[in-house]
Amino acid sequence: MVISFCFVKFLNGTFVTFVLQIVSKMIRLEHYDEVQVQLTLVIISDKKTKLDKNLGEEIVLFHKKFQKSDDKFDFIKGLNGSTYFVKSDQQAEELRVIGAKIIAQLSKEAKSLTLIGSASEQLFIAEGMILASYQFIKYFKDADKKKLNLESICLSKDVSAKKLAELSDTAKAVFWARDRVNEPVSHLNAGQLAEAISELGNEAGMTVQVLEKTQIESLKMGGLLAVNKGSIDQPTFTIVEYKHEKAINKKPIVLVGKGVVYDTGGLSLKPTPGSMDVMKSDMAGAACMAGTIYLAALQKLKLHIIALIPATDNRPGLNAYAPGDVITMYDGTTVEVLNTDAEGRMILADALAYSNKYKPELVIDAATLTGAALRAIGTKASVIMGNADDKVFDQLEKAGNEVHERTVRFPFWDDYAAEIKSSIADLKNLGGPNAGMITAGKFLEHFVKSPYIHMDIAGPAWLDAKEDYKGQGGTGAGIRLLFNFLKKYK
């Protein structure tokens with residue numbers, strides 16, 4: 001286990017020392033020179049594959065039967081460990097899911113696992129395995145007994161060292177995001193989220209600035225300040241910048257993530273069951289964007305990227321903002337508040353307006369913004385919309401399909417903007433009873449001057465029940481999608 005200490009300098013000049021977290025040791029991805037028969041094996045094969053007799057007669061005979069069967073996956077238990085058999089004629093996602101099945105069936109005594117097969121197939125299965133190995137067990141008294149003991153996944157040298165490093169870094173970023181989303185607000189308020197992001201900056205060589213309440217007030221970020229009025233914890237606005245010395249984009253790409261660390265709904269109070277009880281996850285957009293820029297920096301993508309993370313909780317205490325209030329936003333727009341549970345768009349609007357100072361070539365936000373998005377397409381994909389060029393949307397969709405973090409593009413016609421017009425202010429923070437995910441997107445579009453994509457990740461960001469390599473609880477949704485998009489960005 002590793003305990004990380006960090007010093008963060010806030011913009012008011014003060015230094016804060018804190019213990020970031022206890023970080024569990026990641027499973028290592030490494031190359032093998034030759035297959036060790038005594039280890040747990042995963043054999044990926046087709047009908048022409050012949051196994052070395054040194055693997056043992058039992059394994060060779062079982063493999064021949066497996067080749068003739070219609071089964072896509074099977075396994076045999078031996079004295080020295082299990083051997084898993086996988087048919088090679090499967091799609092990438094099928095192989096990832098099989099990787100998760102192997103982790104679920106793996107003996108607790110298994111310390112290492114070796115893959116045999118083509119490079120691409122090994123990589124997909126390893127991806128499923130390492131993502132499925134995630135555990136959030138820190139609050140269990142018997143956490144040591146629940147801990148997965150697997151230490152390494154070994155792949156052949158046909159898989160490049162670069163690919164191994166990319167997969168390892170991807171898992172680090174996704175696990176970081178999952179940890180943040182799963183962390184209860186009692187251990188992760190806005191300040192602690194900013195601290196955790198600052199530690200990422202220290203590790204990956206990014207510049208991180210954390211604006212505290214006084215700086216936010218001086219900027220007149222009315223949306224963020226309004227949502228924070230019911231809380232005793234101060235808001236933060238975190239600015240993360242990564243710029244490769246040979247960045248191909250002259251203007252930055254700006255990523256904006258919703259950081260509502262807990263959402264009661266405010267005075268428009270949420271019900272508890274199936275709603276408020278999982279609202280520690282309402283900062284999944286912030287975790288997504290912080291994780292994405294962190295992964296881009298670890299992989300040294302030749303890009304200039306800025307991430308903006310407005311963060312607060314939304315509570316009904318103190319002098320909480322109320323339905324009927326009129327709020328003046330960072331850019332001077334006035335907003336009539338009809339529902340305090342539509343708080344995500346209030347804090348995102350200030351961050352999106354702030355992005356204009358960078359004159360970005362593209363702005364993307366990610367947020368668990370609406371129940372409408374979840375009801376529309378469930379947990380299987382993210383809703384996307386915006387005014388960016390169709391080619392950019394096509395690239396994003398393709399990137400998502402490749403990693404199975406799929407997107408569904410919704411219409412973004414100006415007709416929907418009529419539903420957020422107010423009779424007493426420039427805008428209102430709630431549309432009509434229908435197409436709520438689109439009217440929320442049109443509200444946000446008002447504050448952005450650059451080409452814009454809105455991602456509503458309310459569906460895939462949190463899973464109530466365990467699902468293959470995505471796990472249960474926070475999934476880290478959006479990171480693999482956006483990284484795949486950014487590494488191929490043109």
# chains A, B, ... in the order shown; residues from 1 in each chain; ligands from 1
>>> residues_around(residues="stretch 298-309 of chain A", least_positions_apart="2", cutoff="6 Å", atoms="only C-alpha atoms", output="PyMOL selection string")
chain A and resi 204+237-244+246-248+252-257+286+295-296
>>> closest_residue(among="A:Glu336, A:Met455, A:Asn429, A:Gly324", to="A:Phe393", atoms="only C-alpha atoms")
A:Met455
>>> closest_residue(among="A:Asp179, A:Glu445, A:Glu402, A:Glu217", to="A:Leu352", atoms="only C-alpha atoms")
A:Glu445
>>> closest_residue(among="A:Lys280, A:Lys487, A:Lys64, A:His31", to="A:Leu188", atoms="only C-alpha atoms")
A:Lys280
>>> closest_residue(among="A:Ala177, A:Ile327, A:Ala322, A:Leu113", to="A:Tyr134", atoms="only C-alpha atoms")
A:Ala177
